[in-house]
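J.: If you scroll down you'll find the structure; I have some questions about it.
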Amino acid sequence: MARRSLLTCCLTALSIDALLAPPARLRHRVRCRASDDEAPEVEEDWRAFRARLVAGGIPTTTDADEPAPAAAPAEERQGLDEDNVKLATSQSKRQGDMLREGTWAHEVGAPEVGGLLLRLPLETQLAVAKDSHWGQELRRFAKQEVTRAAMDDARRRGLPASEAPPPEAVPETEAALYRTAGRFLRAQLQRIAQKGQVDGSGRLAIDPRSLGDADRQLLDMHQRYLGSWQEVVLVIKDDADGAVGVVLNRPAATEGAPHLSRALVEALESDGGAKVTTDQFDGAFGKTIAAYVGKPAAREGGSANKAMVVHGLEDVEGARELAPNLGIYRGGAAAAAERVQAGTAEPLDFRFFIGRYEW
């Protein structure tokens, strides 16, 4: 997964654990050393602490005499799909509440464990990659559109070409180029499609040998985009040995089955705890399960035959927290099955991911 085609986003535990955490609200203790002799502790919501840190930085002694900046007005939540809210609420009241209360996130310069990687639309990739071949072609296309629009306007007004006003400047903002990129991409794909032939089954077949290197590159980018459309990847690990992530928004199953239980038990990673048996797993998750495709098998980078369990329960044997004070845990499948069978946890408290990205 090329990082240039991703937006790296950091969410605190109170954001991402809408998918993973139990009903109890997590609060974390933040320790800030003000001087060598003083180490005050601040008890507050970790999300609020980091939001203030990103917005205003770390206060210094010179800030003491300056008036505190006015608090930014609360942003109204927009774009919520009520059907999604109802579905989340039916699974967990806390999930529904968090969707409505205003989940906070911010862009970061590099992946963070517990953060999210958001797959950018192909149009955005073309707009951002201004030095690439297709980025330059997009800008040339945008300039041609502006020129044609100016000429059409002059004709409508009955002006000769010599008196036509100069065209407007070509938009360079990513937002403007994004809209142009949609038209550009359609035009390029239609041009490439004209080089193919319809076979006996009615499908368009294109001989790669009839395409230049740039056209093959664009088709490859388009196929990759279709295979990873709107992927949201949770960063599980990122250290000197490499990074691991799983896709959160590719559900595979909500109802258990014996064959699914067998496949997951065989694929679940060893986490240092007891090994879960197929009977234990089927007894806990045989009816209700939250299973996801952690990495589509056709996508490069990683493994499609490994599985892991991710959750928000801190007292599960064999589980380990992804990062200190994050509130998201990995592993502990045997203890998870015991908890569900004992009635101290629900099946949907645990999310199983089949496959993973590895970098």
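Chain lettering (A, B, ...) mirrors the order of the structure tokens, residue numbering begins at 1 for each chain separately, and ligand numbering begins at 1 in order of display.
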Residues near Asp241 in chain A, anyone? I mean within 12 Å using only C-alpha atoms, not counting same-chain ones fewer than 3 positions away, as a PyMOL selection string.

T.: chain A and resi 237-238+244+358-359

J.: Please dump the current selection as a PDB file, in the first residue's frame; keep N, CA and C atoms.

T.:
ATOM      1  N   LYS A 237       0.621  -2.073  14.373  1.00  0.00           N
ATOM      2  CA  LYS A 237       2.019  -2.055  14.807  1.00  0.00           C
ATOM      3  C   LYS A 237       2.819  -1.217  13.836  1.00  0.00           C
ATOM      4  N   ASP A 238       3.807  -0.494  14.352  1.00  0.00           N
ATOM      5  CA  ASP A 238       4.702   0.284  13.496  1.00  0.00           C
ATOM      6  C   ASP A 238       6.005   0.487  14.257  1.00  0.00           C
ATOM      7  N   VAL A 244       2.064  -3.161  10.619  1.00  0.00           N
ATOM      8  CA  VAL A 244       0.938  -4.071  10.391  1.00  0.00           C
ATOM      9  C   VAL A 244      -0.340  -3.260  10.505  1.00  0.00           C
ATOM     10  N   GLU A 358       1.042  -5.757   5.668  1.00  0.00           N
ATOM     11  CA  GLU A 358       2.348  -5.716   6.312  1.00  0.00           C
ATOM     12  C   GLU A 358       3.274  -4.907   5.408  1.00  0.00           C
ATOM     13  N   TRP A 359       4.018  -3.970   6.020  1.00  0.00           N
ATOM     14  CA  TRP A 359       4.949  -3.156   5.252  1.00  0.00           C
ATOM     15  C   TRP A 359       6.364  -3.367   5.761  1.00  0.00           C
TER      16      TRP A 359
END

J.: Excluding same-chain residues fewer than 3 positions from Val247 in chain A, what lies within 7 Å of it counting only C-alpha atoms, as number ranges by chain?

T.: A: 231-234, 250, 293-295

J.: Go through range 142-255 of chain A and flag each residue having an atom no more than 12 Å from range 121-138 of chain A; for those, report the closest pair of atoms plus their distance in Å to one decimal, using only C-alpha atoms, ordered by chain and rising number, as JSON lines.

T.:
{"residue": "A:Ala142", "atom": "CA", "partner": "A:Leu138", "partner_atom": "CA", "distance": 6.2}
{"residue": "A:Lys143", "atom": "CA", "partner": "A:Leu138", "partner_atom": "CA", "distance": 8.7}
{"residue": "A:Gln144", "atom": "CA", "partner": "A:Leu138", "partner_atom": "CA", "distance": 9.9}
{"residue": "A:Glu145", "atom": "CA", "partner": "A:Leu138", "partner_atom": "CA", "distance": 10.5}
{"residue": "A:Val170", "atom": "CA", "partner": "A:Leu138", "partner_atom": "CA", "distance": 11.1}
{"residue": "A:Pro171", "atom": "CA", "partner": "A:Ala127", "partner_atom": "CA", "distance": 10.9}
{"residue": "A:Glu172", "atom": "CA", "partner": "A:Ala127", "partner_atom": "CA", "distance": 8.8}
{"residue": "A:Thr173", "atom": "CA", "partner": "A:Ala127", "partner_atom": "CA", "distance": 8.5}
{"residue": "A:Glu174", "atom": "CA", "partner": "A:Ala127", "partner_atom": "CA", "distance": 5.8}
{"residue": "A:Ala175", "atom": "CA", "partner": "A:Thr124", "partner_atom": "CA", "distance": 8.3}
{"residue": "A:Ala176", "atom": "CA", "partner": "A:Ala127", "partner_atom": "CA", "distance": 8.9}
{"residue": "A:Leu177", "atom": "CA", "partner": "A:Ala127", "partner_atom": "CA", "distance": 5.7}
{"residue": "A:Tyr178", "atom": "CA", "partner": "A:Glu123", "partner_atom": "CA", "distance": 5.5}
{"residue": "A:Arg179", "atom": "CA", "partner": "A:Glu123", "partner_atom": "CA", "distance": 7.8}
{"residue": "A:Thr180", "atom": "CA", "partner": "A:Leu138", "partner_atom": "CA", "distance": 7.8}
{"residue": "A:Ala181", "atom": "CA", "partner": "A:Glu123", "partner_atom": "CA", "distance": 5.1}
{"residue": "A:Gly182", "atom": "CA", "partner": "A:Glu123", "partner_atom": "CA", "distance": 6.0}
{"residue": "A:Arg183", "atom": "CA", "partner": "A:Glu123", "partner_atom": "CA", "distance": 9.4}
{"residue": "A:Phe184", "atom": "CA", "partner": "A:Leu138", "partner_atom": "CA", "distance": 6.5}
{"residue": "A:Leu185", "atom": "CA", "partner": "A:Glu123", "partner_atom": "CA", "distance": 7.5}
{"residue": "A:Arg186", "atom": "CA", "partner": "A:Glu123", "partner_atom": "CA", "distance": 10.4}
{"residue": "A:Ala187", "atom": "CA", "partner": "A:Leu138", "partner_atom": "CA", "distance": 10.9}
{"residue": "A:Gln188", "atom": "CA", "partner": "A:Leu138", "partner_atom": "CA", "distance": 10.1}
{"residue": "A:Asp213", "atom": "CA", "partner": "A:His133", "partner_atom": "CA", "distance": 10.8}
{"residue": "A:Ala214", "atom": "CA", "partner": "A:His133", "partner_atom": "CA", "distance": 7.6}
{"residue": "A:Asp215", "atom": "CA", "partner": "A:Trp134", "partner_atom": "CA", "distance": 9.5}
{"residue": "A:Arg216", "atom": "CA", "partner": "A:Trp134", "partner_atom": "CA", "distance": 11.7}
{"residue": "A:Gln217", "atom": "CA", "partner": "A:Trp134", "partner_atom": "CA", "distance": 9.3}
{"residue": "A:Leu218", "atom": "CA", "partner": "A:Trp134", "partner_atom": "CA", "distance": 7.9}
{"residue": "A:Leu219", "atom": "CA", "partner": "A:Leu122", "partner_atom": "CA", "distance": 11.3}
{"residue": "A:Asp220", "atom": "CA", "partner": "A:Leu122", "partner_atom": "CA", "distance": 11.3}
{"residue": "A:Met221", "atom": "CA", "partner": "A:Leu122", "partner_atom": "CA", "distance": 7.7}
{"residue": "A:His222", "atom": "CA", "partner": "A:Leu122", "partner_atom": "CA", "distance": 7.2}
{"residue": "A:Gln223", "atom": "CA", "partner": "A:Leu122", "partner_atom": "CA", "distance": 10.2}
{"residue": "A:Arg224", "atom": "CA", "partner": "A:Leu122", "partner_atom": "CA", "distance": 9.3}
{"residue": "A:Tyr225", "atom": "CA", "partner": "A:Leu122", "partner_atom": "CA", "distance": 6.3}
{"residue": "A:Leu226", "atom": "CA", "partner": "A:Leu122", "partner_atom": "CA", "distance": 9.1}
{"residue": "A:Gly227", "atom": "CA", "partner": "A:Leu122", "partner_atom": "CA", "distance": 11.6}
{"residue": "A:Ser228", "atom": "CA", "partner": "A:Pro121", "partner_atom": "CA", "distance": 9.6}
{"residue": "A:Trp229", "atom": "CA", "partner": "A:Pro121", "partner_atom": "CA", "distance": 7.5}
{"residue": "A:Gln230", "atom": "CA", "partner": "A:Pro121", "partner_atom": "CA", "distance": 7.4}
{"residue": "A:Glu231", "atom": "CA", "partner": "A:Pro121", "partner_atom": "CA", "distance": 10.0}

J.: As a ChimeraX atom specification, please: the residues near range 276-281 of chain A (cut-off 6 Å, only C-alpha atoms, same-chain neighbours under 4 positions excluded).

T.: /A:262,285,334,337

J.: Tell me, counting only C-alpha atoms, for each residue of range 69-161 of chain A within 10 Å of range 313-328 of chain A, which pair of atoms is nearest and how far apart they are in Å to one decimal, in rows ordered by chain and increasing number, as JSON lines.

T.:
{"residue": "A:Glu112", "atom": "CA", "partner": "A:Ala323", "partner_atom": "CA", "distance": 9.5}
{"residue": "A:Val113", "atom": "CA", "partner": "A:Ala323", "partner_atom": "CA", "distance": 6.7}
{"residue": "A:Gly114", "atom": "CA", "partner": "A:Leu322", "partner_atom": "CA", "distance": 6.7}
{"residue": "A:Gly115", "atom": "CA", "partner": "A:Leu326", "partner_atom": "CA", "distance": 10.0}

J.: Can you pull out every residue within 8 Å of Gly256 in chain A, counting only C-alpha atoms, but drop anything in the same chain fewer than 6 positions away, and send it as an NGL selection string?

T.: :A and (282 or 285-289)

J.: Just how far from CA of Leu348 in chain A is CA of Ala88 in chain A, in Å to one decimal?

T.: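 Separation between CA of Ala88 in chain A and CA of Leu348 in chain A: 11.2 Å.
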
J.: Determine which residues of range 194-355 of chain A receive a DSSP assignment of strand (DSSP E or B), computed from the backbone, and state them as number ranges by chain.

T.: A: 197-198, 204-205, 232-239, 242-247, 251-255, 268, 288-293, 303-311, 320-321, 329-330, 350-355

J.: Write out the residues from the selection above, keeping C-alpha atoms, as a CSV table (one decimal), in the first residue's frame.

T.:
chain,number,residue,atom,x,y,z
A,197,GLN,CA,-12.4,-5.1,-28.5
A,198,VAL,CA,-15.5,-6.7,-27.2
A,204,LEU,CA,-14.2,-5.4,-23.3
A,205,ALA,CA,-10.7,-6.9,-23.8
A,232,VAL,CA,-9.8,2.5,6.3
A,233,VAL,CA,-6.8,0.8,7.9
A,234,LEU,CA,-6.2,0.6,11.6
A,235,VAL,CA,-2.4,0.7,12.3
A,236,ILE,CA,-1.8,-2.3,14.6
A,237,LYS,CA,2.0,-2.1,14.8
A,238,ASP,CA,4.7,0.3,13.5
A,239,ASP,CA,8.3,-0.2,14.6
A,242,GLY,CA,7.8,-3.1,10.0
A,243,ALA,CA,4.2,-2.1,10.2
A,244,VAL,CA,0.9,-4.1,10.4
A,245,GLY,CA,-2.6,-2.8,9.7
A,246,VAL,CA,-6.1,-4.3,9.2
A,247,VAL,CA,-9.0,-2.9,7.1
A,251,PRO,CA,-17.1,-6.9,6.9
A,252,ALA,CA,-17.0,-10.6,6.1
A,253,ALA,CA,-19.6,-12.2,8.4
A,254,THR,CA,-22.0,-11.3,11.2
A,255,GLU,CA,-23.3,-14.8,11.7
A,268,LEU,CA,-5.5,-16.9,14.6
A,288,THR,CA,-22.9,-14.0,16.3
A,289,ILE,CA,-19.5,-12.8,15.2
A,290,ALA,CA,-17.9,-9.7,13.8
A,291,ALA,CA,-15.5,-10.9,11.2
A,292,TYR,CA,-13.7,-8.6,8.7
A,293,VAL,CA,-11.5,-9.0,5.7
A,303,SER,CA,-0.9,-11.9,4.4
A,304,ALA,CA,-4.4,-13.1,3.6
A,305,ASN,CA,-4.2,-16.3,5.8
A,306,LYS,CA,-3.4,-14.8,9.2
A,307,ALA,CA,-6.1,-13.7,11.6
A,308,MET,CA,-6.2,-11.6,14.8
A,309,VAL,CA,-8.8,-10.4,17.3
A,310,VAL,CA,-9.0,-6.7,18.3
A,311,HIS,CA,-11.1,-5.4,21.1
A,320,ARG,CA,-1.8,-6.7,24.8
A,321,GLU,CA,-2.5,-3.0,24.3
A,329,TYR,CA,-6.1,-4.4,22.5
A,330,ARG,CA,-4.9,-7.2,20.3
A,350,PHE,CA,-14.5,-8.7,19.8
A,351,ARG,CA,-13.6,-8.1,16.1
A,352,PHE,CA,-11.8,-10.7,14.1
A,353,PHE,CA,-9.7,-9.7,11.1
A,354,ILE,CA,-8.8,-12.3,8.4
A,355,GLY,CA,-5.7,-11.1,6.7

J.: Which of these, A:Lys275, A:Val85, A:Arg339, A:Ile192, has the shortest distance to Asp97 in chain A once you count only C-alpha atoms?

T.: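 Using only C-alpha atoms, the shortest distance to Asp97 in chain A belongs to A:Val85.
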
J.: Could you state the separation of CA of Pro296 in chain A and CA of Arg119 in chain A in Å, given to one decimal place?

T.: 14.0 Å

J.: What does the structure give for the distance between CA of Gly332 in chain A and CA of Ala274 in chain A, in Å to one decimal?

T.: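 Atom-to-atom, CA of Gly332 in chain A to CA of Ala274 in chain A, that is 7.9 Å.
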
J.: I need the residues in range 158-349 of chain A that are helix (DSSP H, G or I) according to DSSP; give them as a PyMOL selection string.

T.: chain A and resi 161-163+174-193+208-210+213-227+258-267+278-285+333-342+347-349
